[in-house]
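This is data04.cif (mmCIF, C-alpha atoms and all ligand atoms).
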data_structure
loop_
_atom_site.label_atom_id
_atom_site.label_comp_id
_atom_site.auth_asym_id
_atom_site.auth_seq_id
_atom_site.Cartn_x
_atom_site.Cartn_y
_atom_site.Cartn_z
CA MET A 1 0.00 0.00 0.00
CA ASN A 2 1.21 3.50 -0.80
CA ASP A 3 1.51 5.92 2.09
CA PRO A 4 -1.74 7.94 1.87
CA THR A 5 0.24 11.10 2.76
CA PRO A 6 2.19 12.14 -0.34
CA ASP A 7 5.72 13.53 0.06
CA ARG A 8 5.09 16.47 -2.20
CA VAL A 9 1.91 18.32 -3.03
CA PHE A 10 2.00 20.87 -5.85
CA ASP A 11 -0.38 23.73 -6.39
CA PRO A 12 -0.45 24.23 -10.18
CA ASP A 13 -0.46 27.99 -9.57
CA ASP A 14 3.00 27.75 -7.90
CA VAL A 15 5.02 25.72 -10.41
CA GLY A 16 4.94 27.95 -13.50
CA PRO A 17 3.83 27.03 -17.03
CA ARG A 18 6.74 24.62 -17.64
CA GLY A 19 6.15 22.84 -14.33
CA ARG A 20 2.43 22.52 -15.06
CA TYR A 21 3.16 21.13 -18.52
CA GLN A 22 5.71 18.65 -17.17
CA LEU A 23 3.51 17.39 -14.32
CA LEU A 24 0.46 17.03 -16.56
CA THR A 25 2.17 15.32 -19.47
CA SER A 26 4.26 12.95 -17.37
CA LEU A 27 1.28 11.81 -15.29
CA VAL A 28 -1.56 11.58 -17.82
CA VAL A 29 0.14 8.74 -19.67
CA PRO A 30 0.41 7.00 -22.01
CA ARG A 31 -1.37 9.42 -24.33
CA PRO A 32 -2.46 8.41 -27.81
CA ILE A 33 -0.99 10.53 -30.56
CA GLY A 34 -3.39 12.09 -33.04
CA TRP A 35 -1.20 12.57 -36.10
CA LEU A 36 -3.29 15.16 -37.93
CA SER A 37 -3.07 15.69 -41.67
CA THR A 38 -4.66 18.66 -43.43
CA TRP A 39 -4.61 20.60 -46.70
CA SER A 40 -3.69 24.27 -46.54
CA ALA A 41 -5.79 26.85 -48.41
CA ASP A 42 -3.37 26.69 -51.36
CA GLY A 43 -3.30 22.88 -51.40
CA SER A 44 -0.04 22.02 -49.65
CA ALA A 45 -0.15 19.01 -47.36
CA ASN A 46 0.44 19.43 -43.63
CA LEU A 47 1.13 16.79 -41.00
CA ALA A 48 1.79 17.18 -37.25
CA PRO A 49 1.42 15.09 -34.07
CA PHE A 50 -0.86 16.07 -31.16
CA SER A 51 -0.83 14.13 -27.89
CA TYR A 52 -3.43 16.32 -26.25
CA PHE A 53 -5.69 13.95 -28.13
CA ALA A 54 -8.60 11.73 -27.11
CA ALA A 55 -11.53 9.59 -28.19
CA LEU A 56 -14.62 11.41 -26.87
CA ALA A 57 -17.77 9.63 -28.02
CA ALA A 58 -18.84 6.72 -30.21
CA SER A 59 -22.31 7.79 -31.43
CA PRO A 60 -21.52 9.97 -33.22
CA MET A 61 -17.83 9.04 -33.33
CA LEU A 62 -15.97 12.07 -31.97
CA VAL A 63 -12.28 12.72 -31.39
CA GLY A 64 -10.61 15.85 -30.04
CA ALA A 65 -7.20 17.49 -30.31
CA SER A 66 -5.99 20.51 -28.36
CA ILE A 67 -3.91 22.63 -30.72
CA GLY A 68 -1.56 25.34 -29.48
CA ILE A 69 -1.60 28.99 -30.49
CA ARG A 70 1.94 30.36 -30.85
CA SER A 71 2.83 33.99 -30.10
CA THR A 72 2.91 34.40 -33.91
CA GLY A 73 -0.58 32.87 -34.36
CA PRO A 74 -2.34 29.50 -34.59
CA LYS A 75 -0.36 26.42 -35.64
CA ASP A 76 -0.71 25.49 -39.32
CA THR A 77 -2.97 22.53 -38.48
CA LEU A 78 -5.54 24.82 -36.84
CA VAL A 79 -5.39 27.32 -39.71
CA ASN A 80 -6.03 24.49 -42.17
CA VAL A 81 -8.80 22.82 -40.13
CA ARG A 82 -10.61 26.16 -39.93
CA HIS A 83 -10.26 26.63 -43.66
CA ARG A 84 -11.08 23.12 -44.91
CA ARG A 85 -13.30 22.05 -41.99
CA ALA A 86 -11.66 18.62 -42.09
CA PHE A 87 -8.63 16.58 -41.00
CA CYS A 88 -7.47 12.98 -40.91
CA VAL A 89 -6.14 11.23 -37.80
CA ASN A 90 -3.33 8.83 -38.68
CA VAL A 91 -2.90 6.31 -35.88
CA VAL A 92 0.80 6.26 -34.94
CA THR A 93 2.14 2.71 -34.80
CA GLU A 94 5.68 1.47 -34.17
CA PRO A 95 6.93 1.72 -37.79
CA GLN A 96 5.81 5.40 -37.98
CA LEU A 97 7.43 6.57 -34.73
CA GLU A 98 10.55 8.21 -36.25
CA ALA A 99 8.61 9.78 -39.14
CA MET A 100 6.01 11.14 -36.71
CA ASN A 101 8.78 12.88 -34.77
CA VAL A 102 10.18 14.46 -37.95
CA THR A 103 6.76 16.00 -38.68
CA ALA A 104 6.77 17.85 -35.33
CA ALA A 105 9.42 20.28 -36.65
CA THR A 106 8.42 23.94 -36.59
CA VAL A 107 8.49 24.81 -40.28
CA PRO A 108 6.77 27.47 -42.43
CA PRO A 109 3.22 26.70 -43.64
CA ASP A 110 4.32 25.99 -47.21
CA VAL A 111 6.68 23.19 -46.11
CA ASP A 112 5.09 19.79 -46.72
CA GLU A 113 5.89 17.59 -43.70
CA PHE A 114 4.96 14.48 -45.70
CA ARG A 115 7.93 15.22 -47.99
CA LEU A 116 10.12 16.15 -45.02
CA ALA A 117 9.50 12.73 -43.46
CA GLY A 118 9.56 10.76 -46.75
CA LEU A 119 5.87 9.80 -46.52
CA GLU A 120 3.46 9.25 -49.38
CA VAL A 121 0.29 11.39 -49.39
CA ALA A 122 -3.16 10.01 -50.21
CA SER A 123 -6.48 11.87 -50.47
CA ALA A 124 -9.33 11.07 -48.10
CA GLU A 125 -12.45 9.60 -49.61
CA VAL A 126 -15.18 11.74 -48.02
CA VAL A 127 -13.46 14.67 -46.26
CA ASP A 128 -11.26 17.46 -47.61
CA ALA A 129 -7.96 16.23 -46.12
CA PRO A 130 -4.93 14.10 -46.98
CA PHE A 131 -3.69 11.08 -45.04
CA VAL A 132 -0.47 9.06 -44.64
CA ALA A 133 -0.70 6.34 -47.29
CA SER A 134 1.44 3.88 -45.29
CA CYS A 135 -0.55 4.31 -42.06
CA PRO A 136 -2.49 1.13 -41.22
CA ALA A 137 -5.37 2.97 -39.52
CA VAL A 138 -6.80 6.36 -40.44
CA LEU A 139 -9.89 8.28 -39.30
CA GLU A 140 -11.37 10.69 -41.83
CA CYS A 141 -12.90 13.54 -39.79
CA GLU A 142 -14.98 16.59 -40.50
CA LEU A 143 -14.83 19.54 -38.11
CA PHE A 144 -17.62 19.09 -35.56
CA ARG A 145 -16.89 21.98 -33.20
CA GLU A 146 -14.11 24.29 -32.10
CA ILE A 147 -13.96 24.94 -28.37
CA ASP A 148 -12.18 27.87 -26.77
CA LEU A 149 -10.13 26.83 -23.70
CA GLY A 150 -10.23 30.18 -21.90
CA GLU A 151 -6.81 31.53 -20.97
CA ALA A 152 -5.00 28.48 -22.38
CA PRO A 153 -3.14 29.19 -25.61
CA ASN A 154 -4.90 26.17 -27.09
CA VAL A 155 -8.07 25.47 -29.02
CA LEU A 156 -9.91 22.16 -28.75
CA VAL A 157 -10.87 20.89 -32.16
CA LEU A 158 -13.52 18.18 -32.26
CA GLY A 159 -13.80 15.98 -35.31
CA ARG A 160 -16.65 13.74 -36.36
CA VAL A 161 -15.30 10.54 -37.85
CA ARG A 162 -16.84 9.95 -41.27
CA ARG A 163 -14.71 7.01 -42.43
CA VAL A 164 -12.42 4.52 -40.67
CA ARG A 165 -9.74 3.15 -43.00
CA LEU A 166 -7.98 -0.07 -41.96
CA GLY A 167 -5.08 -1.72 -43.78
CA SER A 168 -5.17 -5.42 -44.66
CA GLY A 169 -2.62 -6.17 -41.90
CA LEU A 170 -5.11 -5.28 -39.18
CA PRO A 171 -7.44 -8.18 -38.35
CA LEU A 172 -10.66 -7.62 -36.41
CA LEU A 173 -11.25 -9.76 -33.32
CA GLU A 174 -14.29 -11.77 -32.26
CA GLY A 175 -16.14 -11.37 -35.52
CA GLY A 176 -16.81 -7.75 -34.47
CA HIS A 177 -14.94 -4.50 -34.95
CA LEU A 178 -12.25 -4.70 -32.24
CA VAL A 179 -8.85 -4.22 -33.88
CA ASP A 180 -6.26 -6.77 -32.69
CA PRO A 181 -3.88 -4.74 -30.45
CA SER A 182 -0.97 -7.09 -31.10
CA ALA A 183 -1.26 -6.38 -34.82
CA LEU A 184 -1.64 -2.61 -34.37
CA ARG A 185 1.46 -1.92 -32.17
CA PRO A 186 0.20 1.54 -31.13
CA VAL A 187 2.59 4.15 -29.77
CA GLY A 188 1.74 6.14 -26.65
CA ARG A 189 3.45 9.31 -25.56
CA LEU A 190 4.98 9.44 -22.08
CA GLY A 191 6.54 12.54 -20.46
CA GLY A 192 9.15 14.54 -22.38
CA TRP A 193 10.64 12.73 -25.38
CA ALA A 194 9.62 9.27 -24.16
CA TYR A 195 7.26 6.91 -26.01
CA GLY A 196 5.93 3.49 -25.11
CA MET A 197 4.63 0.50 -27.01
CA PRO A 198 2.37 -2.03 -25.27
CA GLY A 199 4.34 -4.70 -23.39
CA GLU A 200 2.37 -7.39 -21.63
CA VAL A 201 -1.33 -7.14 -22.50
CA ARG A 202 -3.80 -8.52 -19.95
CA ILE A 203 -7.38 -9.39 -20.85
CA ILE A 204 -9.65 -8.89 -17.82
CA PRO A 205 -13.41 -9.39 -18.31
CA ARG A 206 -15.46 -6.65 -16.66
CA PRO A 207 -17.62 -7.68 -13.66
CA ARG A 208 -21.38 -7.75 -14.18
C1 LIG B 1 4.49 13.46 -29.82
C2 LIG B 1 4.16 14.92 -29.93
C3 LIG B 1 2.94 15.39 -29.46
C4 LIG B 1 2.58 16.74 -29.59
N1 LIG B 1 1.38 17.15 -29.10
C5 LIG B 1 0.98 18.43 -29.29
C6 LIG B 1 -0.31 18.85 -28.84
O1 LIG B 1 -1.10 18.08 -28.31
N2 LIG B 1 -0.67 20.15 -29.07
C7 LIG B 1 0.16 21.02 -29.72
O2 LIG B 1 -0.21 22.18 -29.93
N3 LIG B 1 1.39 20.64 -30.14
C8 LIG B 1 1.82 19.37 -29.95
N4 LIG B 1 3.04 18.97 -30.40
C9 LIG B 1 3.87 19.92 -31.16
C10 LIG B 1 3.39 20.06 -32.62
O3 LIG B 1 3.41 18.80 -33.26
C11 LIG B 1 4.32 21.04 -33.36
O4 LIG B 1 4.18 22.32 -32.80
C12 LIG B 1 4.07 21.10 -34.86
O5 LIG B 1 5.11 21.83 -35.48
C13 LIG B 1 2.76 21.76 -35.23
O6 LIG B 1 2.68 21.72 -36.63
P1 LIG B 1 1.76 22.66 -37.51
O7 LIG B 1 2.21 24.10 -37.30
O8 LIG B 1 2.04 22.17 -38.91
O9 LIG B 1 0.34 22.47 -37.10
C14 LIG B 1 3.48 17.65 -30.23
C15 LIG B 1 4.72 17.18 -30.70
C16 LIG B 1 5.06 15.84 -30.53
C17 LIG B 1 6.40 15.34 -31.02
#

Represent the structure contained in this file as structure tokens.
Ligand SMILES: Cc1cc2nc3c(=O)[nH]c(=O)nc-3n(C[C@H](O)[C@H](O)[C@H](O)COP(=O)(O)O)c2cc1C
Amino acid sequence: MNDPTPDRVFDPDDVGPRGRYQLLTSLVVPRPIGWLSTWSADGSANLAPFSYFAALAASPMLVGASIGIRSTGPKDTLVNVRHRRAFCVNVVTEPQLEAMNVTAATVPPDVDEFRLAGLEVASAEVVDAPFVASCPAVLECELFREIDLGEAPNVLVLGRVRRVRLGSGLPLLEGGHLVDPSALRPVGRLGGWAYGMPGEVRIIPRPR
């Protein structure tokens, strides 16, 4: 049993923005990475990872990503989502880890991060966005809502999933629609520059 009295108690107001970011992102782990691909207004492809990312609802299927606003203005992904009202979420799996990291570089809007990372671009079927052709699982999303986060220099973008694209290497379990986690090899973000892949996976039926 852990000692119920913790050694250190932090008030978020006392640790500064960096301390708040470090505590939050090293404790809310592992976080899925929404690797968001968009078209800019002039048609260049954009790709960037977001680990302030979550599944929010199933009916309708909603996902959300919290995108930062820099002192110079919104990140390219947000500019593009506002313009095209669409994005794709490329699920980051083990083979994409290095390429995903390359696409986090801060580069001007006209730089195509697909090219930067040596990735092939494909066009979504029903939304106005590109996706990573080699990615085994992709969610085609249309903008559902944009939510202001008050003082935070972030905007929460909600997407409604309109298509789920699965590669042939991803079997579904139990005759249903559960994707086999051992085939997917998803990557989760830990604190700082650390990432984790699932190790031992335990199956525990839920009590009735
Ligand atoms: C794994 C990972 C997760 C990230 N998560 C976020 C995030 O949730 N929100 C955010 O604003 N930036 C996040 N970033 C930083 C952006 O990816 C980075 O600022 C990128 O250049 C934004 O690209 P854009 O200007 O093309 O939209 C993350 C970076 C990495 C490597």

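The binding environment of ligand LIG 1 (chain B), defined as every protein, DNA or RNA residue with an atom no more than 7 Å away and counting all atoms listed in the file, comprises Ile33, Asn46, Leu47, Ala48, Pro49, Phe50, Ser51, Tyr52, Phe53, Ala65, Ser66, Ile67, Gly68, Ile69, Lys75, Asp76, Thr77, Leu78, Asn101, Thr103, Ala104, Ala105, Thr106, Val107, Pro109, Asn154 and Arg189 of chain A.
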
Find the residues around A:Ser40 up to 6 Å (all atoms listed in the file counted), leave out those fewer than 3 positions away in its own chain, and share them as a PDB file with C-alpha atoms, in the frame of the given file.
ATOM      1  CA  GLY A  43      -3.300  22.880 -51.400  1.00  0.00           C
ATOM      2  CA  SER A  44      -0.040  22.020 -49.650  1.00  0.00           C
ATOM      3  CA  ASN A  80      -6.030  24.490 -42.170  1.00  0.00           C
TER       4      ASN A  80
END

Identify, on the basis of only C-alpha atoms, every residue whose closest approach to A:Arg163 does not exceed 10 Å; exclude the query and any residue fewer than 3 positions from it along the same chain; express the result as a ChimeraX atom specification. /A:61,88,124-127,138-142,160,166

Just C-alpha atoms for this one: save the residues we selected as a PDB file, in the frame of the given file.
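out-v4.pdb, freshly written:
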ATOM      1  CA  MET A  61     -17.830   9.040 -33.330  1.00  0.00           C
ATOM      2  CA  CYS A  88      -7.470  12.980 -40.910  1.00  0.00           C
ATOM      3  CA  ALA A 124      -9.330  11.070 -48.100  1.00  0.00           C
ATOM      4  CA  GLU A 125     -12.450   9.600 -49.610  1.00  0.00           C
ATOM      5  CA  VAL A 126     -15.180  11.740 -48.020  1.00  0.00           C
ATOM      6  CA  VAL A 127     -13.460  14.670 -46.260  1.00  0.00           C
ATOM      7  CA  VAL A 138      -6.800   6.360 -40.440  1.00  0.00           C
ATOM      8  CA  LEU A 139      -9.890   8.280 -39.300  1.00  0.00           C
ATOM      9  CA  GLU A 140     -11.370  10.690 -41.830  1.00  0.00           C
ATOM     10  CA  CYS A 141     -12.900  13.540 -39.790  1.00  0.00           C
ATOM     11  CA  GLU A 142     -14.980  16.590 -40.500  1.00  0.00           C
ATOM     12  CA  ARG A 160     -16.650  13.740 -36.360  1.00  0.00           C
ATOM     13  CA  LEU A 166      -7.980  -0.070 -41.960  1.00  0.00           C
TER      14      LEU A 166
END

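The gap separating atom CA of A:Gly73 from atom CA of A:Thr25 is 23.2 Å, in Å to one decimal.
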
For stretch 68-72 of chain A, what centre and edge lengths in Å (one decimal) does the axis-aligned box get once 8 Å is added on each side of all its listed atoms, as JSON?
{"center_x": 0.7, "center_y": 29.9, "center_z": -31.7, "size_x": 20.5, "size_y": 25.1, "size_z": 20.4}

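Distance check against A:Glu120 using only C-alpha atoms: of A:Leu158, A:Met197, A:Ala45, A:Leu62, the minimum falls on A:Ala45.
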
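Residue nearest A:Pro181 within the list A:Ile147, A:Leu23, A:Val164, A:Ala137: A:Ala137 [criterion: smallest interatomic distance, all atoms listed in the file].
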
Stretch 5-14 of chain A surroundings by all atoms listed in the file, 10 Å radius, close-in-sequence under 4 positions cut, as a compact mmCIF listing (two decimals) with C-alpha atoms, in the coordinates of the input:
# COMPACT_ATOMS: atom_id res chain seq x y z
CA GLY A 19 6.15 22.84 -14.33
CA ARG A 20 2.43 22.52 -15.06
CA TYR A 21 3.16 21.13 -18.52
CA LEU A 23 3.51 17.39 -14.32
CA LEU A 24 0.46 17.03 -16.56

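Closest approach to A:Ser182 among A:Glu94, A:Tyr195, A:Arg165, A:Pro4: A:Glu94, based on all atoms listed in the file.
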
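One distance worth recording is that between atom CA of A:Arg145 and atom CA of A:Phe114, which is 26.3 Å.
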
One decimal, Å: what's the distance from atom CA of A:Pro30 over to atom CA of A:Arg82, could you say? 28.5 Å

Nearest residue to A:Gly196 from the set A:Leu116, A:Val29, A:Ala99, A:Ala86 (distances using only C-alpha atoms): A:Val29

Could you tell me which of A:Ser37, A:Ser59, A:Ser26, A:Thr72 comes closest to A:Leu190 if we count only C-alpha atoms? A:Ser26

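You can rank A:Val28, A:Leu156, A:Leu178, A:Ala54 by their closest distance to A:Val91 using only C-alpha atoms, and at the top of that list sits A:Ala54.
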